[in-house]
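data-v6.txt (compact mmCIF, N, CA and C atoms) appears below.
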```txt
# COMPACT_ATOMS: atom_id res chain seq x y z
N ALA A 1 98.15 83.56 117.36
CA ALA A 1 96.71 83.78 117.37
C ALA A 1 96.09 82.77 116.42
N GLY A 2 94.99 83.06 115.84
CA GLY A 2 94.32 82.12 114.97
C GLY A 2 93.21 81.42 115.73
N PRO A 3 92.45 80.55 115.07
CA PRO A 3 91.33 79.89 115.74
C PRO A 3 91.81 78.91 116.79
N HIS A 4 91.05 78.81 117.85
CA HIS A 4 91.34 77.78 118.84
C HIS A 4 90.03 77.20 119.34
N PRO A 5 90.02 75.88 119.63
CA PRO A 5 88.77 75.21 120.00
C PRO A 5 88.37 75.50 121.46
N LEU A 6 87.07 75.53 121.67
CA LEU A 6 86.49 75.62 123.00
C LEU A 6 85.82 74.29 123.31
N ARG A 7 85.40 74.15 124.56
CA ARG A 7 84.61 72.95 124.88
C ARG A 7 83.34 72.96 124.04
N GLY A 8 82.88 71.81 123.66
CA GLY A 8 81.67 71.70 122.86
C GLY A 8 81.93 71.79 121.37
N GLY A 9 83.20 71.84 120.98
CA GLY A 9 83.53 71.81 119.55
C GLY A 9 83.46 73.15 118.84
N GLN A 10 83.19 74.25 119.56
CA GLN A 10 83.14 75.55 118.91
C GLN A 10 84.55 76.10 118.71
N LEU A 11 84.69 76.95 117.71
CA LEU A 11 85.97 77.61 117.43
C LEU A 11 85.86 79.10 117.74
N VAL A 12 86.91 79.66 118.30
CA VAL A 12 87.01 81.10 118.47
C VAL A 12 87.97 81.60 117.41
N ILE A 13 87.51 82.55 116.60
CA ILE A 13 88.34 83.09 115.54
C ILE A 13 88.69 84.52 115.92
N HIS A 14 90.00 84.85 115.93
CA HIS A 14 90.47 86.14 116.40
C HIS A 14 90.62 87.17 115.30
N GLY A 15 90.06 86.93 114.15
CA GLY A 15 90.13 87.92 113.07
C GLY A 15 91.06 87.47 111.96
N ARG A 16 91.18 88.32 111.02
CA ARG A 16 91.93 88.04 109.81
C ARG A 16 93.42 88.23 110.06
N SER A 17 94.21 87.27 109.64
CA SER A 17 95.65 87.43 109.72
C SER A 17 96.20 87.36 108.31
N GLY A 18 97.38 87.83 108.15
CA GLY A 18 97.97 87.81 106.82
C GLY A 18 97.82 89.15 106.14
N SER A 19 97.99 89.16 104.85
CA SER A 19 98.04 90.42 104.13
C SER A 19 96.81 90.67 103.27
N THR A 20 95.74 89.91 103.49
CA THR A 20 94.49 90.16 102.79
C THR A 20 93.51 90.74 103.79
N ILE A 21 92.90 91.85 103.43
CA ILE A 21 91.91 92.46 104.31
C ILE A 21 90.60 92.63 103.55
N LYS A 22 89.55 92.88 104.28
CA LYS A 22 88.24 93.08 103.67
C LYS A 22 87.82 94.52 103.89
N ILE A 23 87.55 95.22 102.79
CA ILE A 23 87.10 96.61 102.84
C ILE A 23 85.80 96.72 102.07
N ARG A 24 84.76 97.17 102.76
CA ARG A 24 83.44 97.34 102.15
C ARG A 24 82.99 96.09 101.40
N GLY A 25 83.28 94.92 101.96
CA GLY A 25 82.85 93.66 101.37
C GLY A 25 83.79 93.07 100.33
N PHE A 26 84.85 93.77 99.97
CA PHE A 26 85.81 93.29 98.98
C PHE A 26 87.08 92.82 99.66
N LYS A 27 87.62 91.69 99.21
CA LYS A 27 88.92 91.24 99.70
C LYS A 27 90.01 91.94 98.90
N VAL A 28 90.95 92.53 99.62
CA VAL A 28 92.04 93.27 98.98
C VAL A 28 93.36 92.72 99.47
N GLY A 29 94.20 92.31 98.55
CA GLY A 29 95.54 91.84 98.88
C GLY A 29 96.50 93.02 98.92
N ILE A 30 97.02 93.31 100.10
CA ILE A 30 97.95 94.44 100.24
C ILE A 30 99.18 94.27 99.35
N PRO A 31 99.77 93.07 99.23
CA PRO A 31 100.92 92.93 98.32
C PRO A 31 100.60 93.28 96.86
N MET A 32 99.36 93.01 96.42
CA MET A 32 98.96 93.35 95.06
C MET A 32 98.96 94.88 94.87
N VAL A 33 98.47 95.61 95.85
CA VAL A 33 98.44 97.07 95.77
C VAL A 33 99.86 97.62 95.82
N GLU A 34 100.71 97.06 96.69
CA GLU A 34 102.10 97.51 96.78
C GLU A 34 102.85 97.23 95.49
N ALA A 35 102.57 96.09 94.86
CA ALA A 35 103.23 95.77 93.58
C ALA A 35 102.81 96.75 92.49
N ALA A 36 101.54 97.13 92.48
CA ALA A 36 101.07 98.12 91.50
C ALA A 36 101.72 99.47 91.75
N LEU A 37 101.87 99.85 93.02
CA LEU A 37 102.53 101.11 93.36
C LEU A 37 103.99 101.11 92.88
N ALA A 38 104.65 99.98 93.03
CA ALA A 38 106.06 99.88 92.64
C ALA A 38 106.25 100.09 91.13
N GLN A 39 105.19 99.87 90.35
CA GLN A 39 105.28 100.03 88.90
C GLN A 39 105.05 101.46 88.44
N VAL A 40 104.60 102.33 89.34
CA VAL A 40 104.30 103.70 88.96
C VAL A 40 105.60 104.51 88.88
N GLU A 41 105.77 105.21 87.77
CA GLU A 41 106.96 106.04 87.59
C GLU A 41 107.00 107.11 88.68
N GLY A 42 108.15 107.26 89.29
CA GLY A 42 108.32 108.24 90.35
C GLY A 42 108.26 107.66 91.75
N VAL A 43 107.78 106.41 91.87
CA VAL A 43 107.69 105.77 93.18
C VAL A 43 108.92 104.90 93.39
N ARG A 44 109.69 105.22 94.42
CA ARG A 44 110.88 104.43 94.73
C ARG A 44 110.51 103.22 95.58
N MET A 45 109.74 103.47 96.65
CA MET A 45 109.26 102.41 97.53
C MET A 45 107.88 102.81 98.02
N ALA A 46 107.08 101.80 98.38
CA ALA A 46 105.75 102.09 98.90
C ALA A 46 105.32 101.00 99.87
N ALA A 47 104.50 101.40 100.81
CA ALA A 47 103.89 100.47 101.75
C ALA A 47 102.42 100.85 101.87
N VAL A 48 101.57 99.86 102.00
CA VAL A 48 100.13 100.09 102.12
C VAL A 48 99.67 99.56 103.46
N THR A 49 98.87 100.36 104.16
CA THR A 49 98.32 99.96 105.44
C THR A 49 96.82 100.19 105.44
N PRO A 50 96.08 99.40 106.21
CA PRO A 50 94.64 99.66 106.32
C PRO A 50 94.38 100.85 107.25
N VAL A 51 93.34 101.60 106.95
CA VAL A 51 92.87 102.67 107.82
C VAL A 51 91.73 102.08 108.63
N LEU A 52 91.89 102.07 109.95
CA LEU A 52 90.91 101.44 110.84
C LEU A 52 90.02 102.49 111.50
N ARG A 53 88.73 102.16 111.61
CA ARG A 53 87.78 103.01 112.31
C ARG A 53 86.88 102.10 113.15
N ALA A 54 86.44 102.60 114.31
CA ALA A 54 85.51 101.84 115.14
C ALA A 54 84.19 101.68 114.39
N ASP A 55 83.62 100.48 114.49
CA ASP A 55 82.40 100.18 113.76
C ASP A 55 81.32 99.74 114.74
N ALA A 56 80.19 100.44 114.73
CA ALA A 56 79.09 100.13 115.63
C ALA A 56 78.54 98.72 115.37
N ASN A 57 78.56 98.27 114.11
CA ASN A 57 78.06 96.94 113.78
C ASN A 57 78.98 95.83 114.27
N SER A 58 80.21 96.18 114.63
CA SER A 58 81.17 95.20 115.13
C SER A 58 81.44 95.40 116.62
N GLY A 59 80.49 96.00 117.31
CA GLY A 59 80.66 96.21 118.74
C GLY A 59 81.73 97.23 119.08
N GLY A 60 81.96 98.19 118.20
CA GLY A 60 82.97 99.21 118.44
C GLY A 60 84.39 98.80 118.10
N ARG A 61 84.54 97.56 117.62
CA ARG A 61 85.86 97.05 117.24
C ARG A 61 86.34 97.76 115.97
N PRO A 62 87.63 98.11 115.88
CA PRO A 62 88.14 98.76 114.66
C PRO A 62 88.11 97.81 113.46
N VAL A 63 87.63 98.32 112.36
CA VAL A 63 87.60 97.54 111.11
C VAL A 63 88.23 98.37 110.00
N PRO A 64 88.82 97.72 108.99
CA PRO A 64 89.40 98.47 107.87
C PRO A 64 88.30 99.16 107.05
N VAL A 65 88.47 100.46 106.80
CA VAL A 65 87.51 101.21 106.00
C VAL A 65 88.13 101.76 104.72
N ALA A 66 89.45 101.79 104.66
CA ALA A 66 90.15 102.33 103.50
C ALA A 66 91.60 101.88 103.55
N LEU A 67 92.35 102.23 102.51
CA LEU A 67 93.78 101.95 102.46
C LEU A 67 94.56 103.25 102.43
N CYS A 68 95.76 103.21 102.98
CA CYS A 68 96.66 104.35 102.94
C CYS A 68 97.97 103.90 102.28
N ALA A 69 98.41 104.65 101.28
CA ALA A 69 99.68 104.37 100.61
C ALA A 69 100.73 105.34 101.15
N HIS A 70 101.81 104.78 101.68
CA HIS A 70 102.95 105.56 102.15
C HIS A 70 104.00 105.46 101.05
N ILE A 71 104.38 106.60 100.48
CA ILE A 71 105.20 106.60 99.27
C ILE A 71 106.50 107.35 99.46
N GLN A 72 107.59 106.66 99.13
CA GLN A 72 108.91 107.30 99.05
C GLN A 72 109.17 107.56 97.58
N PRO A 73 109.29 108.82 97.18
CA PRO A 73 109.49 109.12 95.76
C PRO A 73 110.94 108.93 95.33
N HIS A 74 111.12 108.77 94.02
CA HIS A 74 112.47 108.79 93.44
C HIS A 74 113.01 110.20 93.55
N ASP A 75 114.32 110.33 93.42
CA ASP A 75 114.93 111.65 93.46
C ASP A 75 114.53 112.49 92.25
N THR A 76 114.35 111.84 91.10
CA THR A 76 113.88 112.54 89.90
C THR A 76 112.44 112.12 89.66
N LEU A 77 111.56 113.07 89.54
CA LEU A 77 110.13 112.79 89.42
C LEU A 77 109.61 113.09 88.03
N PRO A 78 108.58 112.32 87.57
CA PRO A 78 107.99 112.59 86.26
C PRO A 78 107.08 113.82 86.26
N VAL A 79 106.67 114.26 87.46
CA VAL A 79 105.81 115.44 87.62
C VAL A 79 106.33 116.24 88.80
N ARG A 80 105.77 117.43 89.03
CA ARG A 80 106.15 118.21 90.20
C ARG A 80 105.78 117.43 91.46
N ALA A 81 106.54 117.60 92.52
CA ALA A 81 106.35 116.84 93.75
C ALA A 81 104.92 116.97 94.27
N GLU A 82 104.33 118.16 94.20
CA GLU A 82 102.98 118.34 94.72
C GLU A 82 101.91 117.63 93.89
N GLU A 83 102.25 117.25 92.66
CA GLU A 83 101.32 116.53 91.80
C GLU A 83 101.53 115.02 91.84
N LEU A 84 102.61 114.57 92.46
CA LEU A 84 102.97 113.16 92.41
C LEU A 84 101.86 112.26 92.96
N LEU A 85 101.28 112.62 94.09
CA LEU A 85 100.29 111.74 94.70
C LEU A 85 99.04 111.61 93.84
N LEU A 86 98.62 112.69 93.19
CA LEU A 86 97.49 112.60 92.26
C LEU A 86 97.85 111.73 91.06
N TYR A 87 99.08 111.86 90.59
CA TYR A 87 99.58 111.05 89.48
C TYR A 87 99.58 109.57 89.86
N VAL A 88 100.03 109.27 91.08
CA VAL A 88 100.07 107.88 91.56
C VAL A 88 98.66 107.32 91.62
N LYS A 89 97.73 108.06 92.20
CA LYS A 89 96.35 107.56 92.31
C LYS A 89 95.75 107.32 90.93
N SER A 90 95.96 108.24 90.02
CA SER A 90 95.45 108.08 88.66
C SER A 90 96.05 106.83 87.99
N SER A 91 97.33 106.61 88.19
CA SER A 91 98.00 105.43 87.61
C SER A 91 97.44 104.14 88.21
N LEU A 92 97.20 104.14 89.51
CA LEU A 92 96.65 102.94 90.16
C LEU A 92 95.25 102.63 89.66
N LYS A 93 94.45 103.67 89.44
CA LYS A 93 93.07 103.46 88.96
C LYS A 93 93.05 102.73 87.63
N ALA A 94 94.10 102.90 86.84
CA ALA A 94 94.18 102.23 85.54
C ALA A 94 94.74 100.81 85.67
N ALA A 95 95.32 100.47 86.83
CA ALA A 95 96.02 99.20 86.96
C ALA A 95 95.33 98.17 87.85
N ILE A 96 94.55 98.62 88.84
CA ILE A 96 93.94 97.69 89.79
C ILE A 96 92.46 98.04 89.96
N PRO A 97 91.67 97.12 90.52
CA PRO A 97 90.24 97.42 90.73
C PRO A 97 90.04 98.65 91.61
N SER A 98 88.98 99.38 91.35
CA SER A 98 88.74 100.64 92.07
C SER A 98 88.64 100.45 93.58
N TYR A 99 88.10 99.32 94.03
CA TYR A 99 87.97 99.11 95.48
C TYR A 99 89.32 98.89 96.16
N ALA A 100 90.37 98.61 95.38
CA ALA A 100 91.71 98.38 95.94
C ALA A 100 92.59 99.62 95.88
N VAL A 101 92.13 100.69 95.26
CA VAL A 101 92.92 101.92 95.15
C VAL A 101 92.89 102.64 96.50
N PRO A 102 94.06 102.95 97.06
CA PRO A 102 94.08 103.65 98.34
C PRO A 102 93.36 105.00 98.28
N THR A 103 92.80 105.38 99.42
CA THR A 103 92.10 106.65 99.55
C THR A 103 93.01 107.71 100.14
N TYR A 104 93.96 107.29 100.96
CA TYR A 104 94.89 108.19 101.63
C TYR A 104 96.30 107.98 101.08
N TYR A 105 97.06 109.08 100.96
CA TYR A 105 98.41 109.03 100.42
C TYR A 105 99.32 109.89 101.29
N VAL A 106 100.40 109.28 101.78
CA VAL A 106 101.37 109.99 102.61
C VAL A 106 102.71 109.99 101.88
N LEU A 107 103.21 111.17 101.56
CA LEU A 107 104.50 111.29 100.88
C LEU A 107 105.60 111.27 101.94
N MET A 108 106.58 110.39 101.76
CA MET A 108 107.66 110.22 102.73
C MET A 108 109.00 110.40 102.01
N PRO A 109 109.40 111.65 101.75
CA PRO A 109 110.64 111.90 100.99
C PRO A 109 111.90 111.42 101.68
N ASP A 110 111.88 111.30 103.01
CA ASP A 110 113.06 110.82 103.74
C ASP A 110 113.13 109.30 103.82
N GLY A 111 112.17 108.61 103.24
CA GLY A 111 112.18 107.15 103.21
C GLY A 111 111.19 106.54 104.18
N LEU A 112 110.91 105.27 103.95
CA LEU A 112 110.01 104.51 104.82
C LEU A 112 110.79 104.04 106.05
N PRO A 113 110.13 103.95 107.21
CA PRO A 113 110.84 103.55 108.43
C PRO A 113 111.31 102.09 108.36
N ARG A 114 112.49 101.87 108.88
CA ARG A 114 113.08 100.52 108.90
C ARG A 114 113.30 100.08 110.34
N MET A 115 113.27 98.78 110.56
CA MET A 115 113.56 98.24 111.89
C MET A 115 115.04 98.43 112.21
N ALA A 116 115.34 98.58 113.48
CA ALA A 116 116.72 98.80 113.89
C ALA A 116 117.55 97.52 113.86
N SER A 117 116.91 96.38 113.73
CA SER A 117 117.62 95.11 113.72
C SER A 117 118.44 94.95 112.44
N GLU A 118 119.19 93.85 112.37
CA GLU A 118 120.02 93.58 111.20
C GLU A 118 119.20 93.47 109.92
N SER A 119 117.98 92.98 110.03
CA SER A 119 117.17 92.73 108.84
C SER A 119 116.82 94.02 108.09
N ARG A 120 116.70 95.13 108.81
CA ARG A 120 116.34 96.42 108.21
C ARG A 120 115.03 96.33 107.42
N LYS A 121 114.13 95.44 107.86
CA LYS A 121 112.84 95.31 107.20
C LYS A 121 111.99 96.56 107.44
N LEU A 122 111.00 96.73 106.60
CA LEU A 122 110.07 97.83 106.75
C LEU A 122 109.37 97.72 108.11
N ASP A 123 109.33 98.82 108.84
CA ASP A 123 108.67 98.86 110.15
C ASP A 123 107.27 99.44 109.96
N ARG A 124 106.31 98.58 109.66
CA ARG A 124 104.93 99.03 109.38
C ARG A 124 104.30 99.73 110.58
N ARG A 125 104.68 99.32 111.77
CA ARG A 125 104.11 99.94 112.98
C ARG A 125 104.55 101.39 113.14
N ALA A 126 105.68 101.74 112.55
CA ALA A 126 106.20 103.11 112.65
C ALA A 126 105.59 104.04 111.60
N LEU A 127 104.83 103.49 110.65
CA LEU A 127 104.17 104.34 109.65
C LEU A 127 103.08 105.14 110.35
N ARG A 128 103.02 106.42 110.07
CA ARG A 128 102.04 107.25 110.77
C ARG A 128 100.63 107.03 110.26
N GLU A 129 99.67 107.27 111.15
CA GLU A 129 98.27 107.18 110.77
C GLU A 129 97.95 108.34 109.83
N PRO A 130 97.16 108.09 108.79
CA PRO A 130 96.81 109.20 107.89
C PRO A 130 95.82 110.15 108.57
N THR A 131 95.83 111.39 108.13
CA THR A 131 94.88 112.39 108.60
C THR A 131 93.98 112.78 107.44
N GLU A 132 93.00 113.60 107.71
CA GLU A 132 92.11 114.06 106.64
C GLU A 132 92.90 114.83 105.57
N ALA A 133 94.01 115.43 105.95
CA ALA A 133 94.85 116.15 104.98
C ALA A 133 95.46 115.20 103.95
N ASP A 134 95.55 113.91 104.29
CA ASP A 134 96.13 112.92 103.38
C ASP A 134 95.10 112.31 102.44
N LEU A 135 93.85 112.68 102.60
CA LEU A 135 92.76 112.15 101.78
C LEU A 135 92.83 112.77 100.38
N ILE A 136 92.84 111.93 99.36
CA ILE A 136 92.84 112.42 97.98
C ILE A 136 91.56 111.95 97.33
N GLN A 137 90.69 112.91 97.01
CA GLN A 137 89.41 112.56 96.41
C GLN A 137 89.41 112.76 94.91
N GLY A 138 89.94 113.87 94.45
CA GLY A 138 89.91 114.17 93.03
C GLY A 138 91.06 113.56 92.28
N ASP A 139 91.03 113.69 90.99
CA ASP A 139 92.12 113.19 90.15
C ASP A 139 92.52 114.29 89.17
N LEU A 140 93.79 114.57 89.13
CA LEU A 140 94.31 115.58 88.23
C LEU A 140 94.48 115.04 86.81
N PHE A 141 94.82 113.75 86.71
CA PHE A 141 95.17 113.16 85.42
C PHE A 141 94.13 112.14 84.95
N THR A 142 92.86 112.53 84.83
CA THR A 142 91.84 111.59 84.36
C THR A 142 91.31 112.01 83.01
```
If you convert what's in this file into structure tokens, what do you get?
Amino acid sequence: AGPHPLRGGQLVIHGRSGSTIKIRGFKVGIPMVEAALAQVEGVRMAAVTPVLRADANSGGRPVPVALCAHIQPHDTLPVRAEELLLYVKSSLKAAIPSYAVPTYYVLMPDGLPRMASESRKLDRRALREPTEADLIQGDLFT
């Protein structure tokens, strides 16, 4: 994909590629958020995905409106399991800009999905879409 020229010298741009997305006017690097998550005590692995919603200003095209953190916890946790996600969000708020802190958190105790190929890379497409139940608004540790 990427831009391609049309007759008359115009370019068609197919959207943003790579790991930087724009949310509410801010550019957010997904690897930066994942690196901050990896530093939080109790997080074994994490993946961040954009939450897409149809936007009337974009002709109904889905646009990123928030971030979702998919978290595999360590076997030993610094807090009770039900408090871990609030603890993670609170820790992120102290480490990265507020616009980059995920709004949705999915706890994945059985691990993040991996591709079946030899590489065993993270299968981002297999990560489930967050629901309203995954929305974390308050903070327990502020």
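Using only C-alpha atoms, the smallest distance between any of A:Ser19, A:Ala94, A:Thr76, A:Ala35 and A:Thr49 comes from A:Ser19.
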Quick one: everything within 7 Å of A:Ile136, counting all atoms listed in the file, minus sequence neighbours fewer than 4 positions away in the same chain. Send it as a tab-separated table (two decimals) with N, CA and C atoms, in the frame of the given file.
```tsv
chain	number	residue	atom	x	y	z
A	103	THR	N	92.80	105.38	99.42
A	103	THR	CA	92.10	106.65	99.55
A	103	THR	C	93.01	107.71	100.14
A	104	TYR	N	93.96	107.29	100.96
A	104	TYR	CA	94.89	108.19	101.63
A	104	TYR	C	96.30	107.98	101.08
A	105	TYR	N	97.06	109.08	100.96
A	105	TYR	CA	98.41	109.03	100.42
A	105	TYR	C	99.32	109.89	101.29
A	132	GLU	N	93.00	113.60	107.71
A	132	GLU	CA	92.11	114.06	106.64
A	132	GLU	C	92.90	114.83	105.57
```
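Interatomic distance, atom N of A:Leu84 to atom C of A:Val101: 15.9 Å.
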What lies within 8 Å of A:Glu34 using all atoms listed in the file, ignoring chain neighbours under 2 positions off, as a PyMOL selection string?
chain A and resi 29-32+36-39+45-48
Could you write out, as a ChimeraX atom specification, all the residues of stretch 21-83 of chain A that DSSP marks as strand (DSSP E or B)?
/A:21-23,26-29,43-54,62-73
Pairwise distance for atom CA of A:Val51 and atom CA of A:Cys68, rounded to one decimal in Å:
6.4 Å
Distance in Å - atom N of A:Leu52 versus atom N of A:Pro130:
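These two atoms are separated by 8.1 Å.
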Which residue is closest to A:Tyr99? Choose from A:Arg61, A:His74, A:Lys27, A:Arg120 and count only N, CA and C atoms.
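Selected residue with least distance to A:Tyr99: A:Lys27.
Proximity ranking of A:Arg53, A:Arg124, A:Arg44, A:Lys93 relative to A:Ile71 places A:Arg44 first, based on only C-alpha atoms.
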Could you pull the residues within 5 Å of A:Asp123, counting only N, CA and C atoms, minus those fewer than 5 positions along the same chain, as an MDAnalysis selection string?
chainID A and resid 113:115
Using the selection just defined, write its residues with N, CA and C atoms as a tab-separated table (two decimals), in the frame of the given file.
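Done, and the output landed in result_14.tsv:
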```tsv
chain	number	residue	atom	x	y	z
A	113	PRO	N	110.13	103.95	107.21
A	113	PRO	CA	110.84	103.55	108.43
A	113	PRO	C	111.31	102.09	108.36
A	114	ARG	N	112.49	101.87	108.88
A	114	ARG	CA	113.08	100.52	108.90
A	114	ARG	C	113.30	100.08	110.34
A	115	MET	N	113.27	98.78	110.56
A	115	MET	CA	113.56	98.24	111.89
A	115	MET	C	115.04	98.43	112.21
```
Report as a ChimeraX atom specification all protein, DNA and RNA residues lying within 8 Å of A:Glu41, evaluated on all atoms listed in the file, omitting residues in the same chain fewer than 4 positions from it.
/A:37,73-74,76-79,87-88,91
All helix (DSSP H, G or I) residues (DSSP, backbone) inside stretch 85-141 of chain A, as a list in words
Leu85, Leu86, Tyr87, Val88, Lys89, Ser90, Ser91, Leu92, Lys93, Ala94, Ala95, Ser98, Tyr99, Ala100, Arg124, Arg125, Ala126, Glu132, Ala133 and Asp134 of chain A
Box for stretch 131-136 of chain A - axis-aligned, 5 Å on each of the six sides, all listed atoms - centre and size in Å to one decimal, as AutoDock Vina command-line options.
```
--center_x 93.8 --center_y 113.8 --center_z 103.0 --size_x 14.6 --size_y 14.8 --size_z 21.3
```
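Ranking A:Ala54, A:Gln72, A:Ala126, A:Val33 by their shortest atom-to-atom distance to A:Ala100, with only N, CA and C atoms included, puts A:Val33 first.
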Could you check which of A:Leu135, A:Ile21, A:Met108, A:Leu122 is closest to A:Leu86, using only C-alpha atoms?
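Going through A:Leu135, A:Ile21, A:Met108, A:Leu122 one by one, the smallest distance to A:Leu86 is for A:Leu135.
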